[in-house]
Amino acid sequence: NAGVTQTPKFQVLKTGQSMTLQCAQDMNHEYMSWYRQDPGMGLRLIHYSVGAGITDQGEVPNGYNVSRSTTEDFPLRLLSAAPSQTSVYFCASSRQASSYNSPLHFGNGTRLTVT
Amino acid sequence: GDSVTQMEGPVTLSEEAFLTINCTYTATGYPSLFWYVQYPGEGLQLLLKATKADDKGSNKGFEATYRKETTSFHLEKGSVQVSDSAVYFCALSFNSGGYQKVTFGTGTKLQVIP
């Protein structure tokens, strides 16, 4: 019963480097999303997807790209890392994109440090 | 826009004490309300939810009632345990452009001491 799987768990990048955070879910969920968690700011939505081939921006999309070629996978790409992107990143999914009663299922997070 | 305000922490309680974590919301429609819990080193997991006014969500001894008249969804537990030490997030979910949108509070850290 894997649920939502995120890799890697930890990552250190130098300013200007690029990388991809991986997220996969095995629950056939329609909705997938990426959040960043910063102290005192709760969780902020970066990008989300309501199905394969459909993505949209959240609250803080700048500096990040996403794509969703399959129902299962929703990678997050950092194009040119900046220290302001130091954060903990969470991937979350829910069963129905159109139902606001569907709870979110979270991965265990990726702790990213940009130096 | 829709938003959630929850009490700042950290909250420190002795084991078996009564817990209340306040959460109020602002919403133009009729959102669903959630409490999520985050244990150290883990992602958030659903604790309980309520989908309409006067609904009471409950799980693991925790309860919260959806109060439309006071726009609140306070989390309560009668007797906390050391294992309840975690960060608690209040969240609201509503329909935006045909899809769900979730807004989180800033989280309240609870520490329970023996």
# chains A, B, ... in the order shown; residues from 1 in each chain; ligands from 1
call {"tool": "select_by_dssp", "arguments": {"residues": "chain A", "states": "strand (DSSP E or B)", "output": "ChimeraX atom specification"}}
result
/A:4-7,10-13,19-25,31-38,42-51,54-57,64-66,73,76-78,87-94,105-106,110-114
call {"tool": "interface_residues", "arguments": {"of": "chain B", "to": "chain A", "cutoff": "12 Å", "atoms": "only C-alpha atoms", "output": "PDB file with C-alpha atoms, in the first residue's frame"}}
result
ATOM      1  CA  SER B   3      -8.603  31.836   4.097  1.00  0.00           C
ATOM      2  CA  VAL B   4      -7.954  29.992   7.335  1.00  0.00           C
ATOM      3  CA  THR B   5      -6.643  31.401  10.608  1.00  0.00           C
ATOM      4  CA  GLN B   6      -5.498  29.099  13.368  1.00  0.00           C
ATOM      5  CA  MET B   7      -3.959  29.796  16.733  1.00  0.00           C
ATOM      6  CA  GLU B   8      -0.232  30.146  16.869  1.00  0.00           C
ATOM      7  CA  GLY B   9       1.803  27.662  18.786  1.00  0.00           C
ATOM      8  CA  PRO B  10       3.595  26.034  20.177  1.00  0.00           C
ATOM      9  CA  GLY B  29     -19.439  29.758  -0.319  1.00  0.00           C
ATOM     10  CA  TYR B  30     -19.853  26.529   1.627  1.00  0.00           C
ATOM     11  CA  PRO B  31     -16.478  24.857   1.916  1.00  0.00           C
ATOM     12  CA  SER B  32     -15.559  21.513   3.401  1.00  0.00           C
ATOM     13  CA  LEU B  33     -13.311  21.730   6.458  1.00  0.00           C
ATOM     14  CA  PHE B  34     -10.439  19.466   7.436  1.00  0.00           C
ATOM     15  CA  TRP B  35      -7.882  18.895  10.138  1.00  0.00           C
ATOM     16  CA  TYR B  36      -4.599  17.323   9.096  1.00  0.00           C
ATOM     17  CA  VAL B  37      -1.803  16.137  11.389  1.00  0.00           C
ATOM     18  CA  GLN B  38       1.905  16.051  10.625  1.00  0.00           C
ATOM     19  CA  TYR B  39       4.182  13.872  12.738  1.00  0.00           C
ATOM     20  CA  PRO B  40       7.921  14.634  12.725  1.00  0.00           C
ATOM     21  CA  GLY B  41       9.603  13.754   9.435  1.00  0.00           C
ATOM     22  CA  GLU B  42       6.350  12.784   7.744  1.00  0.00           C
ATOM     23  CA  GLY B  43       3.798  14.225   5.379  1.00  0.00           C
ATOM     24  CA  LEU B  44       0.384  15.467   6.444  1.00  0.00           C
ATOM     25  CA  GLN B  45      -2.371  12.930   6.996  1.00  0.00           C
ATOM     26  CA  LEU B  46      -6.082  13.452   7.339  1.00  0.00           C
ATOM     27  CA  LEU B  47      -7.278  13.548  10.944  1.00  0.00           C
ATOM     28  CA  LEU B  48     -10.955  14.407  10.426  1.00  0.00           C
ATOM     29  CA  LYS B  49     -13.300  16.343   8.193  1.00  0.00           C
ATOM     30  CA  ALA B  50     -16.747  17.913   8.052  1.00  0.00           C
ATOM     31  CA  THR B  51     -18.558  18.747   4.849  1.00  0.00           C
ATOM     32  CA  LYS B  52     -21.540  20.847   5.961  1.00  0.00           C
ATOM     33  CA  VAL B  87       1.780  19.827  14.051  1.00  0.00           C
ATOM     34  CA  TYR B  88      -1.937  20.285  13.336  1.00  0.00           C
ATOM     35  CA  PHE B  89      -3.232  22.056  10.229  1.00  0.00           C
ATOM     36  CA  CYS B  90      -6.725  23.365   9.668  1.00  0.00           C
ATOM     37  CA  ALA B  91      -7.756  23.507   6.003  1.00  0.00           C
ATOM     38  CA  LEU B  92     -10.729  24.426   3.888  1.00  0.00           C
ATOM     39  CA  SER B  93     -11.574  23.058   0.496  1.00  0.00           C
ATOM     40  CA  PHE B  94     -13.897  24.685  -1.994  1.00  0.00           C
ATOM     41  CA  ASN B  95     -14.812  24.584  -5.657  1.00  0.00           C
ATOM     42  CA  SER B  96     -12.845  26.972  -7.836  1.00  0.00           C
ATOM     43  CA  GLY B  97     -13.481  26.900 -11.582  1.00  0.00           C
ATOM     44  CA  GLY B  98     -14.901  23.382 -11.351  1.00  0.00           C
ATOM     45  CA  TYR B  99     -12.015  21.913  -9.360  1.00  0.00           C
ATOM     46  CA  GLN B 100     -11.104  21.631  -5.725  1.00  0.00           C
ATOM     47  CA  LYS B 101      -8.880  24.248  -4.170  1.00  0.00           C
ATOM     48  CA  VAL B 102      -7.441  23.726  -0.692  1.00  0.00           C
ATOM     49  CA  THR B 103      -6.221  26.491   1.622  1.00  0.00           C
ATOM     50  CA  PHE B 104      -4.233  25.651   4.738  1.00  0.00           C
ATOM     51  CA  GLY B 105      -3.680  27.450   8.005  1.00  0.00           C
ATOM     52  CA  THR B 106      -0.131  28.013   9.203  1.00  0.00           C
ATOM     53  CA  GLY B 107      -0.149  25.027  11.546  1.00  0.00           C
ATOM     54  CA  THR B 108      -0.090  24.694  15.345  1.00  0.00           C
ATOM     55  CA  LYS B 109       2.643  22.679  16.998  1.00  0.00           C
TER      56      LYS B 109
END
call {"tool": "residues_around", "arguments": {"residues": "Lys77 in chain B", "least_positions_apart": "6", "cutoff": "10 Å", "atoms": "only C-alpha atoms", "output": "MDAnalysis selection string"}}
result
chainID B and resid 16:21 58:64 84
call {"tool": "residues_around", "arguments": {"residues": "Pro8 in chain A", "least_positions_apart": "3", "cutoff": "8 Å", "atoms": "only C-alpha atoms", "output": "count of residues only"}}
result
4
call {"tool": "atom_distance", "arguments": {"atom1": "CA of Thr5 in chain A", "atom2": "CA of Ser69 in chain A"}}
result
16.9 Å
call {"tool": "atom_distance", "arguments": {"atom1": "CA of Tyr64 in chain A", "atom2": "CA of Tyr25 in chain B"}}
result
29.2 Å
call {"tool": "residues_around", "arguments": {"residues": "Thr71 in chain A", "least_positions_apart": "4", "cutoff": "10 Å", "atoms": "only C-alpha atoms", "output": "number ranges by chain"}}
result
A: 24-32, 49-53
call {"tool": "atom_distance", "arguments": {"atom1": "CA of Leu13 in chain B", "atom2": "CA of Ala86 in chain B"}}
result
12.2 Å
call {"tool": "residues_around", "arguments": {"residues": "Val114 in chain A", "least_positions_apart": "3", "cutoff": "7 Å", "atoms": "only C-alpha atoms", "output": "list in words"}}
result
Val12, Leu13, Lys14, Thr15, Ala81, Ala82, Pro83, Gln85 and Thr86 of chain A
call {"tool": "decode", "arguments": {"residues": "range 89-101 of chain B", "atoms": "all heavy atoms", "output": "PDB file, in the first residue's frame"}}
result
ATOM      1  N   PHE B  89      -2.857  21.074  11.247  1.00  0.00           N
ATOM      2  CA  PHE B  89      -3.232  22.056  10.229  1.00  0.00           C
ATOM      3  C   PHE B  89      -4.737  22.032  10.002  1.00  0.00           C
ATOM      4  O   PHE B  89      -5.321  20.976   9.738  1.00  0.00           O
ATOM      5  CB  PHE B  89      -2.552  21.749   8.892  1.00  0.00           C
ATOM      6  CG  PHE B  89      -1.067  21.960   8.879  1.00  0.00           C
ATOM      7  CD1 PHE B  89      -0.206  20.934   9.233  1.00  0.00           C
ATOM      8  CD2 PHE B  89      -0.536  23.184   8.511  1.00  0.00           C
ATOM      9  CE1 PHE B  89       1.167  21.127   9.211  1.00  0.00           C
ATOM     10  CE2 PHE B  89       0.838  23.383   8.483  1.00  0.00           C
ATOM     11  CZ  PHE B  89       1.692  22.346   8.845  1.00  0.00           C
ATOM     12  N   CYS B  90      -5.336  23.204  10.065  1.00  0.00           N
ATOM     13  CA  CYS B  90      -6.725  23.365   9.668  1.00  0.00           C
ATOM     14  C   CYS B  90      -6.733  23.732   8.186  1.00  0.00           C
ATOM     15  O   CYS B  90      -5.839  24.461   7.714  1.00  0.00           O
ATOM     16  CB  CYS B  90      -7.352  24.480  10.505  1.00  0.00           C
ATOM     17  SG  CYS B  90      -9.107  24.731  10.256  1.00  0.00           S
ATOM     18  N   ALA B  91      -7.708  23.235   7.439  1.00  0.00           N
ATOM     19  CA  ALA B  91      -7.756  23.507   6.003  1.00  0.00           C
ATOM     20  C   ALA B  91      -9.196  23.595   5.533  1.00  0.00           C
ATOM     21  O   ALA B  91     -10.081  22.940   6.087  1.00  0.00           O
ATOM     22  CB  ALA B  91      -7.016  22.416   5.225  1.00  0.00           C
ATOM     23  N   LEU B  92      -9.417  24.404   4.529  1.00  0.00           N
ATOM     24  CA  LEU B  92     -10.729  24.426   3.888  1.00  0.00           C
ATOM     25  C   LEU B  92     -10.573  24.113   2.419  1.00  0.00           C
ATOM     26  O   LEU B  92      -9.563  24.438   1.797  1.00  0.00           O
ATOM     27  CB  LEU B  92     -11.452  25.749   4.128  1.00  0.00           C
ATOM     28  CG  LEU B  92     -10.959  27.060   3.522  1.00  0.00           C
ATOM     29  CD1 LEU B  92     -11.443  27.223   2.085  1.00  0.00           C
ATOM     30  CD2 LEU B  92     -11.519  28.216   4.343  1.00  0.00           C
ATOM     31  N   SER B  93     -11.578  23.472   1.889  1.00  0.00           N
ATOM     32  CA  SER B  93     -11.574  23.058   0.496  1.00  0.00           C
ATOM     33  C   SER B  93     -12.857  23.543  -0.148  1.00  0.00           C
ATOM     34  O   SER B  93     -13.938  23.387   0.422  1.00  0.00           O
ATOM     35  CB  SER B  93     -11.476  21.527   0.403  1.00  0.00           C
ATOM     36  OG  SER B  93     -11.517  21.102  -0.934  1.00  0.00           O
ATOM     37  N   PHE B  94     -12.719  24.156  -1.324  1.00  0.00           N
ATOM     38  CA  PHE B  94     -13.897  24.685  -1.994  1.00  0.00           C
ATOM     39  C   PHE B  94     -13.742  24.493  -3.494  1.00  0.00           C
ATOM     40  O   PHE B  94     -12.686  24.108  -3.984  1.00  0.00           O
ATOM     41  CB  PHE B  94     -14.098  26.159  -1.643  1.00  0.00           C
ATOM     42  CG  PHE B  94     -12.925  27.035  -1.996  1.00  0.00           C
ATOM     43  CD1 PHE B  94     -12.899  27.761  -3.170  1.00  0.00           C
ATOM     44  CD2 PHE B  94     -11.841  27.140  -1.140  1.00  0.00           C
ATOM     45  CE1 PHE B  94     -11.826  28.559  -3.503  1.00  0.00           C
ATOM     46  CE2 PHE B  94     -10.749  27.934  -1.460  1.00  0.00           C
ATOM     47  CZ  PHE B  94     -10.745  28.650  -2.648  1.00  0.00           C
ATOM     48  N   ASN B  95     -14.810  24.747  -4.213  1.00  0.00           N
ATOM     49  CA  ASN B  95     -14.812  24.584  -5.657  1.00  0.00           C
ATOM     50  C   ASN B  95     -14.374  25.893  -6.307  1.00  0.00           C
ATOM     51  O   ASN B  95     -14.963  26.938  -6.068  1.00  0.00           O
ATOM     52  CB  ASN B  95     -16.205  24.194  -6.135  1.00  0.00           C
ATOM     53  CG  ASN B  95     -16.222  23.784  -7.592  1.00  0.00           C
ATOM     54  OD1 ASN B  95     -15.838  24.554  -8.466  1.00  0.00           O
ATOM     55  ND2 ASN B  95     -16.642  22.569  -7.843  1.00  0.00           N
ATOM     56  N   SER B  96     -13.326  25.797  -7.117  1.00  0.00           N
ATOM     57  CA  SER B  96     -12.845  26.972  -7.836  1.00  0.00           C
ATOM     58  C   SER B  96     -12.697  26.608  -9.310  1.00  0.00           C
ATOM     59  O   SER B  96     -11.831  25.805  -9.661  1.00  0.00           O
ATOM     60  CB  SER B  96     -11.500  27.430  -7.252  1.00  0.00           C
ATOM     61  OG  SER B  96     -10.963  28.495  -8.003  1.00  0.00           O
ATOM     62  N   GLY B  97     -13.564  27.191 -10.157  1.00  0.00           N
ATOM     63  CA  GLY B  97     -13.481  26.900 -11.582  1.00  0.00           C
ATOM     64  C   GLY B  97     -13.757  25.446 -11.909  1.00  0.00           C
ATOM     65  O   GLY B  97     -13.252  24.932 -12.907  1.00  0.00           O
ATOM     66  N   GLY B  98     -14.550  24.769 -11.095  1.00  0.00           N
ATOM     67  CA  GLY B  98     -14.901  23.382 -11.351  1.00  0.00           C
ATOM     68  C   GLY B  98     -14.007  22.364 -10.672  1.00  0.00           C
ATOM     69  O   GLY B  98     -14.259  21.163 -10.763  1.00  0.00           O
ATOM     70  N   TYR B  99     -12.953  22.831 -10.016  1.00  0.00           N
ATOM     71  CA  TYR B  99     -12.015  21.913  -9.360  1.00  0.00           C
ATOM     72  C   TYR B  99     -11.805  22.319  -7.915  1.00  0.00           C
ATOM     73  O   TYR B  99     -12.025  23.457  -7.537  1.00  0.00           O
ATOM     74  CB  TYR B  99     -10.680  21.900 -10.096  1.00  0.00           C
ATOM     75  CG  TYR B  99     -10.820  21.503 -11.547  1.00  0.00           C
ATOM     76  CD1 TYR B  99     -10.589  22.416 -12.567  1.00  0.00           C
ATOM     77  CD2 TYR B  99     -11.204  20.209 -11.885  1.00  0.00           C
ATOM     78  CE1 TYR B  99     -10.721  22.056 -13.891  1.00  0.00           C
ATOM     79  CE2 TYR B  99     -11.345  19.840 -13.210  1.00  0.00           C
ATOM     80  CZ  TYR B  99     -11.104  20.766 -14.206  1.00  0.00           C
ATOM     81  OH  TYR B  99     -11.245  20.397 -15.515  1.00  0.00           O
ATOM     82  N   GLN B 100     -11.323  21.343  -7.123  1.00  0.00           N
ATOM     83  CA  GLN B 100     -11.104  21.631  -5.725  1.00  0.00           C
ATOM     84  C   GLN B 100      -9.896  22.540  -5.545  1.00  0.00           C
ATOM     85  O   GLN B 100      -8.916  22.434  -6.264  1.00  0.00           O
ATOM     86  CB  GLN B 100     -10.925  20.340  -4.921  1.00  0.00           C
ATOM     87  CG  GLN B 100      -9.663  19.595  -5.192  1.00  0.00           C
ATOM     88  CD  GLN B 100      -9.404  18.453  -4.216  1.00  0.00           C
ATOM     89  OE1 GLN B 100      -8.495  17.686  -4.389  1.00  0.00           O
ATOM     90  NE2 GLN B 100     -10.179  18.324  -3.177  1.00  0.00           N
ATOM     91  N   LYS B 101     -10.011  23.426  -4.578  1.00  0.00           N
ATOM     92  CA  LYS B 101      -8.880  24.248  -4.170  1.00  0.00           C
ATOM     93  C   LYS B 101      -8.804  24.167  -2.646  1.00  0.00           C
ATOM     94  O   LYS B 101      -9.814  24.313  -1.970  1.00  0.00           O
ATOM     95  CB  LYS B 101      -9.048  25.697  -4.613  1.00  0.00           C
ATOM     96  CG  LYS B 101      -7.846  26.559  -4.256  1.00  0.00           C
ATOM     97  CD  LYS B 101      -7.983  27.963  -4.770  1.00  0.00           C
ATOM     98  CE  LYS B 101      -6.767  28.787  -4.365  1.00  0.00           C
ATOM     99  NZ  LYS B 101      -6.899  30.200  -4.713  1.00  0.00           N
TER     100      LYS B 101
END
